[in-house]
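Okay, model_31.txt now, which holds compact mmCIF, C-alpha atoms:
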# COMPACT_ATOMS: atom_id res chain seq x y z
CA MET A 103 0.00 0.00 0.00
CA ASN A 104 1.17 3.53 -0.80
CA LYS A 105 2.87 5.01 2.27
CA LYS A 106 1.02 8.35 2.00
CA LEU A 107 -2.32 6.53 1.69
CA LEU A 108 -1.49 4.44 4.74
CA ILE A 109 -0.70 7.57 6.77
CA LEU A 110 -3.93 9.21 5.59
CA LEU A 111 -6.03 6.16 6.54
CA THR A 112 -4.35 6.04 9.94
CA ILE A 113 -5.18 9.70 10.55
CA ILE A 114 -8.80 9.16 9.49
CA PHE A 115 -9.12 6.07 11.71
CA CYS A 116 -7.68 7.85 14.74
CA THR A 117 -9.90 10.89 14.16
CA VAL A 118 -13.05 8.78 13.92
CA LYS A 119 -12.03 6.80 16.98
CA SER A 120 -11.42 9.96 19.02
CA MET A 121 -14.89 11.25 18.05
CA ALA A 122 -16.62 8.05 19.18
CA THR A 123 -18.67 8.53 22.31
CA ILE A 124 -20.53 6.36 24.78
CA PRO A 125 -24.33 6.74 24.43
CA VAL A 126 -25.77 8.35 27.56
CA TYR A 127 -29.42 8.20 28.65
CA VAL A 128 -31.02 9.88 31.64
CA TRP A 129 -33.96 9.08 33.93
CA LEU A 130 -36.04 12.04 35.08
CA GLY A 131 -39.53 13.02 36.17
CA PHE A 132 -41.80 15.63 34.58
CA ASP A 133 -43.61 16.97 37.63
CA ASN A 134 -45.55 20.17 38.26
CA ASN A 135 -42.34 22.07 39.08
CA LYS A 136 -41.18 21.76 35.47
CA THR A 137 -42.41 23.55 32.38
CA ALA A 138 -42.00 22.76 28.72
CA GLU A 139 -39.42 25.56 28.52
CA SER A 140 -37.36 24.28 31.45
CA LEU A 141 -37.51 20.75 30.06
CA ARG A 142 -36.23 21.95 26.69
CA SER A 143 -33.41 23.87 28.36
CA ASP A 144 -32.41 20.77 30.34
CA PHE A 145 -32.43 18.59 27.22
CA GLN A 146 -30.22 21.07 25.40
CA GLN A 147 -27.72 21.19 28.26
CA TRP A 148 -27.55 17.44 28.65
CA LYS A 149 -26.99 16.91 24.92
CA LYS A 150 -23.72 18.82 25.31
CA HIS A 151 -22.59 16.04 27.64
CA GLY A 152 -23.36 13.16 25.27
CA VAL A 153 -26.99 12.47 26.20
CA VAL A 154 -28.72 10.78 23.26
CA GLY A 155 -32.01 9.81 24.87
CA VAL A 156 -34.31 10.58 27.79
CA CYS A 157 -36.47 8.30 29.93
CA VAL A 158 -39.17 10.60 31.30
CA ASN A 159 -41.64 9.65 34.02
CA CYS A 160 -44.98 11.34 33.39
CA GLY A 161 -46.88 8.40 34.83
CA MET A 162 -49.72 7.64 32.42
CA ASP A 163 -50.49 11.30 31.80
CA GLU A 164 -50.78 11.29 28.01
CA LYS A 165 -50.83 15.08 27.72
CA LYS A 166 -47.51 15.40 29.54
CA ILE A 167 -46.03 12.50 27.60
CA ALA A 168 -47.04 14.17 24.33
CA VAL A 169 -45.38 17.44 25.38
CA ALA A 170 -42.16 15.86 26.70
CA SER A 171 -41.76 13.49 23.74
CA LYS A 172 -42.32 16.26 21.21
CA ILE A 173 -39.64 18.41 22.84
CA ALA A 174 -37.27 15.45 22.94
CA HIS A 175 -37.70 14.84 19.21
CA GLU A 176 -37.28 18.51 18.41
CA GLU A 177 -33.97 18.37 20.28
CA GLY A 178 -32.89 15.20 18.47
CA LEU A 179 -33.29 12.84 21.44
CA VAL A 180 -34.75 9.33 21.65
CA TYR A 181 -37.81 9.26 23.93
CA HIS A 182 -38.69 6.47 26.38
CA ALA A 183 -42.05 6.90 28.12
CA TRP A 184 -40.85 5.71 31.54
CA ILE A 185 -43.94 4.42 33.37
CA PRO A 186 -44.34 2.85 36.84
CA THR A 187 -46.40 -0.21 35.94
CA MET A 188 -47.39 -2.41 38.89
CA VAL A 189 -47.48 0.38 41.49
CA GLN A 190 -50.91 1.90 41.00
CA GLY A 191 -53.59 3.36 43.24
CA GLY A 192 -57.33 3.85 43.02
CA HIS A 193 -58.46 0.54 41.55
CA ASP A 194 -60.70 -2.20 42.90
CA LYS A 195 -59.16 -4.05 45.83
CA SER A 196 -59.34 -7.32 43.87
CA TRP A 197 -56.66 -5.98 41.49
CA TYR A 198 -53.92 -5.99 44.15
CA THR A 199 -51.47 -8.61 45.33
CA VAL A 200 -52.04 -10.42 48.62
CA ASN A 201 -49.20 -11.35 50.97
CA ARG A 202 -48.67 -14.62 52.85
CA LEU A 203 -50.51 -13.16 55.86
CA GLY A 204 -53.59 -12.67 53.70
CA GLN A 205 -53.17 -8.88 53.61
CA SER A 206 -53.82 -6.95 50.41
CA ALA A 207 -51.26 -4.45 49.11
CA TYR A 208 -54.30 -2.23 48.56
CA ASP A 209 -54.35 -1.32 52.25
CA HIS A 210 -51.31 -3.15 53.70
CA PRO A 211 -48.42 -2.30 51.36
CA ALA A 212 -44.95 -3.54 52.29
CA TYR A 213 -42.25 -1.07 53.39
CA VAL A 214 -43.70 2.18 52.04
CA PRO A 215 -47.23 3.52 51.37
CA TYR A 216 -46.85 3.62 47.58
CA TYR A 217 -46.12 -0.13 47.29
CA THR A 218 -49.71 -0.79 46.26
CA THR A 219 -48.70 -3.49 43.78
CA LEU A 220 -51.06 -4.96 41.21
CA ASP A 221 -51.52 -8.69 40.63
CA PRO A 222 -49.86 -9.54 37.29
CA ARG A 223 -52.15 -12.55 36.80
CA ASN A 224 -55.40 -10.66 37.28
CA PRO A 225 -57.19 -10.57 33.86
CA GLU A 226 -58.61 -7.10 34.50
CA VAL A 227 -55.16 -5.77 35.38
CA ILE A 228 -53.68 -7.29 32.22
CA GLU A 229 -56.43 -5.82 30.05
CA TRP A 230 -56.18 -2.36 31.64
CA LEU A 231 -52.40 -2.15 31.33
CA ASN A 232 -52.43 -3.27 27.70
CA LYS A 233 -55.08 -0.70 26.85
CA LYS A 234 -53.16 2.12 28.55
CA PHE A 235 -49.84 1.22 26.95
CA ALA A 236 -51.41 0.95 23.50
CA GLU A 237 -52.84 4.46 23.89
CA ILE A 238 -49.46 5.85 24.93
CA ALA A 239 -47.57 3.94 22.21
CA LYS A 240 -49.78 5.61 19.60
CA LEU A 241 -48.52 9.06 20.56
CA PRO A 242 -46.41 10.14 17.56
CA ASP A 243 -43.20 11.14 19.35
CA VAL A 244 -42.95 8.18 21.73
CA ASP A 245 -40.16 5.83 20.62
CA TYR A 246 -40.23 3.35 23.49
CA ILE A 247 -42.55 2.36 26.32
CA GLN A 248 -40.28 1.81 29.33
CA LEU A 249 -41.69 -0.37 32.09
CA ASP A 250 -40.79 0.55 35.67
CA TYR A 251 -41.83 -1.38 38.81
CA ILE A 252 -42.62 -4.29 36.53
CA ARG A 253 -42.34 -6.81 39.34
CA TYR A 254 -43.65 -7.95 42.69
CA ALA A 255 -42.74 -6.03 45.82
CA ASP A 256 -39.20 -6.82 46.99
CA VAL A 257 -39.45 -10.04 48.97
CA ILE A 258 -35.82 -9.30 49.85
CA LEU A 259 -34.63 -5.69 49.94
CA ALA A 260 -31.17 -4.69 48.76
CA LYS A 261 -28.80 -5.09 51.71
CA GLY A 262 -27.99 -1.39 51.85
CA LEU A 263 -31.62 -0.66 52.73
CA TRP A 264 -31.94 -3.04 55.66
CA SER A 265 -30.87 -0.55 58.31
CA LYS A 266 -33.14 2.13 56.84
CA TYR A 267 -36.20 -0.02 57.46
CA ASN A 268 -34.75 -1.68 60.59
CA LEU A 269 -34.79 -5.11 58.98
CA VAL A 270 -32.64 -8.22 58.84
CA MET A 271 -33.70 -10.08 55.72
CA ASP A 272 -32.21 -13.51 56.28
CA LYS A 273 -35.24 -15.16 54.65
CA GLU A 274 -38.50 -14.42 52.86
CA TYR A 275 -40.89 -12.97 55.43
CA PRO A 276 -44.69 -13.30 55.04
CA ASN A 277 -45.54 -9.58 54.97
CA ALA A 278 -43.53 -8.96 51.78
CA ASP A 279 -44.12 -12.32 50.08
CA TYR A 280 -46.75 -11.99 47.30
CA CYS A 281 -49.16 -13.17 45.76
CA TYR A 282 -51.40 -15.48 47.81
CA CYS A 283 -54.77 -14.40 46.45
CA ASP A 284 -57.31 -17.16 45.76
CA ASN A 285 -56.73 -16.97 42.01
CA CYS A 286 -52.95 -17.38 42.21
CA VAL A 287 -53.10 -20.11 44.89
CA ASN A 288 -55.69 -22.12 42.96
CA ALA A 289 -53.87 -21.74 39.64
CA PHE A 290 -50.61 -22.96 41.21
CA LYS A 291 -52.39 -25.89 42.84
CA GLN A 292 -53.90 -26.90 39.51
CA GLN A 293 -50.48 -26.63 37.85
CA SER A 294 -48.37 -28.34 40.53
CA GLY A 295 -50.73 -30.18 42.86
CA ILE A 296 -49.38 -28.10 45.76
CA ASP A 297 -51.59 -26.00 48.03
CA ILE A 298 -49.00 -23.36 48.81
CA ARG A 299 -51.00 -22.08 51.80
CA ASN A 300 -50.44 -25.43 53.52
CA VAL A 301 -46.67 -25.40 53.00
CA LYS A 302 -44.66 -24.54 56.11
CA ASP A 303 -42.00 -22.59 54.20
CA PRO A 304 -43.15 -21.60 50.70
CA SER A 305 -39.72 -20.09 49.95
CA LYS A 306 -38.36 -23.63 49.67
CA VAL A 307 -40.74 -24.49 46.83
CA LYS A 308 -38.83 -23.59 43.66
CA ALA A 309 -41.88 -24.15 41.47
CA TRP A 310 -43.77 -21.49 43.45
CA ALA A 311 -41.01 -18.92 42.88
CA GLN A 312 -40.98 -19.82 39.19
CA PHE A 313 -44.77 -19.45 39.04
CA ARG A 314 -44.45 -15.81 40.11
CA CYS A 315 -41.55 -15.16 37.71
CA ASP A 316 -43.63 -16.62 34.90
CA ALA A 317 -46.58 -14.38 35.82
CA ILE A 318 -44.46 -11.26 35.34
CA THR A 319 -42.88 -12.62 32.15
CA HIS A 320 -46.28 -13.42 30.65
CA LEU A 321 -47.56 -9.91 31.44
CA VAL A 322 -44.46 -8.20 30.04
CA ASN A 323 -44.50 -10.18 26.81
CA LYS A 324 -48.18 -9.50 26.32
CA ILE A 325 -47.49 -5.75 26.71
CA CYS A 326 -44.51 -6.06 24.35
CA ALA A 327 -46.72 -7.66 21.69
CA THR A 328 -49.27 -4.86 22.09
CA VAL A 329 -46.69 -2.07 21.82
CA HIS A 330 -44.83 -3.71 18.96
CA ALA A 331 -48.14 -3.98 17.08
CA CYS A 332 -48.36 -0.18 17.40
CA GLY A 333 -44.99 0.10 15.67
CA LYS A 334 -43.10 1.16 18.81
CA LYS A 335 -40.33 -0.40 20.90
CA MET A 336 -40.13 -1.69 24.47
CA SER A 337 -37.60 -1.16 27.25
CA ALA A 338 -37.63 -1.75 31.00
CA ASP A 339 -35.62 -0.68 34.01
CA VAL A 340 -34.93 -3.78 36.05
CA PHE A 341 -33.00 -5.11 39.02
CA PRO A 342 -29.42 -6.26 38.41
CA GLY A 343 -28.64 -9.77 37.23
CA PRO A 344 -31.08 -11.24 36.58
CA LYS A 345 -29.89 -14.46 38.22
CA SER A 346 -27.75 -12.84 40.90
CA HIS A 347 -30.40 -10.40 42.16
CA ALA A 348 -33.57 -9.68 40.17
CA GLU A 349 -34.88 -13.22 40.05
CA TRP A 350 -34.99 -13.91 43.79
CA MET A 351 -35.50 -10.36 45.03
CA VAL A 352 -38.48 -9.29 42.89
CA ARG A 353 -39.33 -12.29 40.62
CA GLN A 354 -37.84 -10.75 37.48
CA GLN A 355 -36.42 -13.15 34.88
CA TRP A 356 -36.01 -10.30 32.46
CA ASN A 357 -33.75 -12.26 30.14
CA LYS A 358 -36.98 -13.97 29.01
CA TRP A 359 -38.73 -10.71 28.12
CA ASP A 360 -39.28 -9.55 24.52
CA LEU A 361 -37.59 -6.18 25.05
CA ASP A 362 -35.75 -3.98 22.57
CA ALA A 363 -33.49 -2.51 25.29
CA VAL A 364 -32.92 -3.21 28.97
CA PHE A 365 -31.82 -0.74 31.65
CA PRO A 366 -30.58 -2.56 34.78
CA MET A 367 -30.45 -0.36 37.86
CA ASN A 368 -26.85 -1.13 38.80
CA TYR A 369 -26.92 0.99 41.93
CA ASN A 370 -23.81 -0.28 43.69
CA ASP A 371 -24.39 1.52 47.00
CA PHE A 372 -27.73 -0.25 47.44
CA TYR A 373 -25.82 -3.53 47.42
CA MET A 374 -22.95 -2.18 49.54
CA GLU A 375 -20.55 -2.64 46.64
CA PRO A 376 -17.79 -0.39 45.21
CA ALA A 377 -17.99 1.28 41.80
CA SER A 378 -15.87 -1.53 40.34
CA TRP A 379 -18.84 -3.89 40.90
CA LEU A 380 -20.56 -2.39 37.85
CA GLY A 381 -18.16 -4.17 35.55
CA LYS A 382 -18.91 -7.53 37.15
CA ILE A 383 -22.70 -7.15 37.22
CA THR A 384 -22.88 -5.70 33.70
CA LYS A 385 -20.93 -8.69 32.39
CA GLU A 386 -23.61 -11.00 33.78
CA GLU A 387 -26.38 -8.83 32.29
CA VAL A 388 -24.85 -8.66 28.83
CA LYS A 389 -24.24 -12.42 28.86
CA SER A 390 -27.88 -13.05 29.80
CA GLU A 391 -29.00 -11.10 26.70
CA LYS A 392 -26.33 -12.42 24.33
CA LYS A 393 -28.61 -14.89 22.56
CA LYS A 394 -31.26 -12.25 21.82
CA GLY A 395 -28.77 -9.43 21.32
CA THR A 396 -30.82 -7.00 23.39
CA PRO A 397 -28.71 -3.90 24.21
CA VAL A 398 -27.99 -3.34 27.89
CA TYR A 399 -27.72 0.21 29.27
CA SER A 400 -26.04 0.21 32.67
CA GLY A 401 -27.93 2.36 35.18
CA LEU A 402 -25.76 4.58 37.41
CA PHE A 403 -26.98 6.11 40.67
CA ILE A 404 -25.43 9.54 41.26
CA CYS A 405 -24.64 11.12 44.64
CA ARG A 406 -25.58 14.79 44.52
CA ASP A 407 -24.21 15.72 47.95
CA TRP A 408 -21.04 13.80 47.23
CA LYS A 409 -18.74 15.86 49.43
CA ASN A 410 -20.76 14.67 52.43
CA LYS A 411 -21.23 11.09 51.27
CA ALA A 412 -19.30 9.69 54.23
CA SER A 413 -22.01 10.97 56.58
CA VAL A 414 -24.92 9.69 54.45
CA VAL A 415 -26.45 6.47 55.82
CA ASP A 416 -29.33 6.17 53.35
CA PRO A 417 -28.31 4.57 50.02
CA GLU A 418 -31.19 6.43 48.37
CA ASN A 419 -29.27 9.65 49.04
CA SER A 420 -25.90 8.14 48.23
CA GLY A 421 -24.41 7.08 44.89
CA LEU A 422 -21.36 7.61 42.73
CA LEU A 423 -18.77 10.29 43.45
CA PRO A 424 -17.25 12.22 40.53
CA SER A 425 -14.06 10.23 41.12
CA GLU A 426 -16.01 6.96 40.64
CA ILE A 427 -17.65 7.87 37.33
CA ALA A 428 -14.76 6.65 35.18
CA THR A 429 -14.60 3.30 36.98
CA ALA A 430 -18.37 2.79 36.68
CA VAL A 431 -18.57 3.77 33.02
CA LYS A 432 -15.43 1.97 31.87
CA GLY A 433 -16.38 -1.16 33.77
CA SER A 434 -19.85 -1.18 32.24
CA MET A 435 -18.63 -0.60 28.70
CA LYS A 436 -15.76 -3.09 28.91
CA ALA A 437 -18.35 -5.68 30.01
CA GLY A 438 -20.31 -5.07 26.82
CA ALA A 439 -22.92 -2.45 27.72
CA ALA A 440 -24.41 -0.46 24.83
CA GLY A 441 -24.29 2.69 26.96
CA ILE A 442 -25.19 4.09 30.36
CA CYS A 443 -28.19 5.75 32.01
CA LEU A 444 -27.93 8.34 34.80
CA PHE A 445 -30.22 8.52 37.79
CA THR A 446 -30.59 11.35 37.81
CA PRO A 447 -29.12 14.17 35.71
CA TYR A 448 -30.34 16.56 38.41
CA SER A 449 -27.92 14.88 40.84
CA MET A 450 -25.00 15.46 38.48
CA THR A 451 -22.79 18.25 39.79
CA GLU A 452 -20.29 20.13 37.62
CA ASP A 453 -17.63 17.76 38.91
CA HIS A 454 -19.70 14.77 37.81
CA TRP A 455 -20.25 16.23 34.35
CA ARG A 456 -16.54 16.92 33.93
CA ALA A 457 -15.72 13.36 34.91
CA LEU A 458 -18.34 12.02 32.51
CA ASP A 459 -17.15 14.23 29.64
CA ALA A 460 -13.64 12.92 30.11
CA VAL A 461 -14.61 9.24 30.04
CA ILE A 462 -17.28 9.06 27.32
CA GLN A 463 -14.96 10.22 24.53
Using structure tokens, write down the structure that the file contains.
Amino acid sequence: MNKKLLILLTIIFCTVKSMATIPVYVWLGFDNNKTAESLRSDFQQWKKHGVVGVCVNCGMDEKKIAVASKIAHEEGLVYHAWIPTMVQGGHDKSWYTVNRLGQSAYDHPAYVPYYTTLDPRNPEVIEWLNKKFAEIAKLPDVDYIQLDYIRYADVILAKGLWSKYNLVMDKEYPNADYCYCDNCVNAFKQQSGIDIRNVKDPSKVKAWAQFRCDAITHLVNKICATVHACGKKMSADVFPGPKSHAEWMVRQQWNKWDLDAVFPMNYNDFYMEPASWLGKITKEEVKSEKKKGTPVYSGLFICRDWKNKASVVDPENSGLLPSEIATAVKGSMKAGAAGICLFTPYSMTEDHWRALDAVIQ
């Protein structure tokens, strides 16, 4: 090959390589404190830092979703309608999961008041969710429906949260173990011959755990079929793993879901792990999706008050320091992630943004 041509190709290759960036997504809410103007300004600022898409929580408010998605498209961003799915209020009590004590999440939610979790096997719940997601998917500027809280309540909380709720979760306790409604119990008995209410320790029955995992999988794939029929894509934010965490903590076998993108919430502080853990957990996640080729976007939890992190005892106010951004991002990408997602961009300080800018190039 001509020497001059070789030098020219080398220069072009190096230039293109230096321009390559890591795709960045963000999770945010569109509440009453924000306006269309402020949302547009935020989108414009974040784009300067490599943000290519936004996952915006407007609940199921179609008017807000239409506004936010339109602005996102006008700013050249991919839009995921990020929607809490199984945590809903205001429906008939029969729609809600029932714990091992016989208490409904309708009026006895586990841990926090908003854990009013729907029963994924309830036909009325399935019909209602599919109808709502079809309506949202038909909005012109929505690219993806993103499922949040697409699971049962945490039968086991992340270890970092135990002290917050004054718990020691050495086993599955009855108050957070769902669903023992008549419909689920009878369906499992018909399938397995086991009356789970008569079992001393239901957590030892692997088929019962799988029954709940299958209930979520069936619901998700039904929603995926509905949304895909509308010509739109599906994503979900999920627990890490799935085998190492999601499956036994919240009954998510998300590697079996018909998604177009998956966003694991790799929040290391919740699991009392260092930033280097993201490389290990992302490797598992990418491997679990290898057969389907579904892109994995590693979710990063950001510590806003990072200078005082040492005094923060609540993981939900903790997260990555600016000095940990490079480790988290590089570890995720080396493990095969398609990109990262920040929770939340509003927690990103100038120091965080500088660290991110340096590593995504």
Counting only C-alpha atoms, what are the residues of range 141-189 of chain A within 9 Å of range 209-228 of chain A, and for each of them which pair of atoms is the nearest and at what distance in Å, to one decimal? Sort the table by chain and rising number, as a Markdown table.
| residue | atom | partner | partner_atom | distance |
| --- | --- | --- | --- | --- |
| A:Thr187 | CA | A:Leu220 | CA | 8.5 |
| A:Met188 | CA | A:Leu220 | CA | 5.0 |
| A:Val189 | CA | A:Thr219 | CA | 4.7 |
- At what distance in Å, to one decimal, does CA of Thr384 in chain A lie from CA of Gly433 in chain A?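 If I compute the distance from CA of Gly433 in chain A to CA of Thr384 in chain A, I get 7.9 Å.
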- Of A:Glu418, A:Glu139, A:Asp245, A:Asp272, the one sitting nearest His330 in chain A when using only C-alpha atoms is A:Asp245
- CA of Arg253 in chain A to CA of Asn288 in chain A, straight-line distance in Å: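 Computing it gives 20.6 Å between the two atoms.
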Taking the point (-32.0, 15.3, 20.4) as given in the file, collect each protein or nucleic acid residue that comes within 10 Å of it, counting all atoms listed in the file, and present the set as an mmCIF file with C-alpha atoms, keeping the file's coordinate frame.
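Written out: out_29.cif:
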data_model
loop_
_atom_site.group_PDB
_atom_site.id
_atom_site.type_symbol
_atom_site.label_atom_id
_atom_site.label_comp_id
_atom_site.auth_asym_id
_atom_site.auth_seq_id
_atom_site.Cartn_x
_atom_site.Cartn_y
_atom_site.Cartn_z
ATOM 1 C CA PHE A 145 -32.430 18.590 27.220
ATOM 2 C CA GLN A 146 -30.220 21.070 25.400
ATOM 3 C CA TRP A 148 -27.550 17.440 28.650
ATOM 4 C CA LYS A 149 -26.990 16.910 24.920
ATOM 5 C CA VAL A 153 -26.990 12.470 26.200
ATOM 6 C CA VAL A 154 -28.720 10.780 23.260
ATOM 7 C CA GLY A 155 -32.010 9.810 24.870
ATOM 8 C CA VAL A 156 -34.310 10.580 27.790
ATOM 9 C CA ILE A 173 -39.640 18.410 22.840
ATOM 10 C CA ALA A 174 -37.270 15.450 22.940
ATOM 11 C CA HIS A 175 -37.700 14.840 19.210
ATOM 12 C CA GLU A 176 -37.280 18.510 18.410
ATOM 13 C CA GLU A 177 -33.970 18.370 20.280
ATOM 14 C CA GLY A 178 -32.890 15.200 18.470
ATOM 15 C CA LEU A 179 -33.290 12.840 21.440
ATOM 16 C CA VAL A 180 -34.750 9.330 21.650
ATOM 17 C CA TYR A 181 -37.810 9.260 23.930
#
Let me have the centre and edge lengths of the axis-aligned box enclosing all listed atoms of range 262-275 of chain A with 6 Å padding on every side, in Å to one decimal, as JSON.
{"center_x": -34.4, "center_y": -6.5, "center_z": 56.2, "size_x": 24.9, "size_y": 29.3, "size_z": 20.7}
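Between CA of Thr451 in chain A and CA of Ala428 in chain A lies a distance of 14.8 Å.
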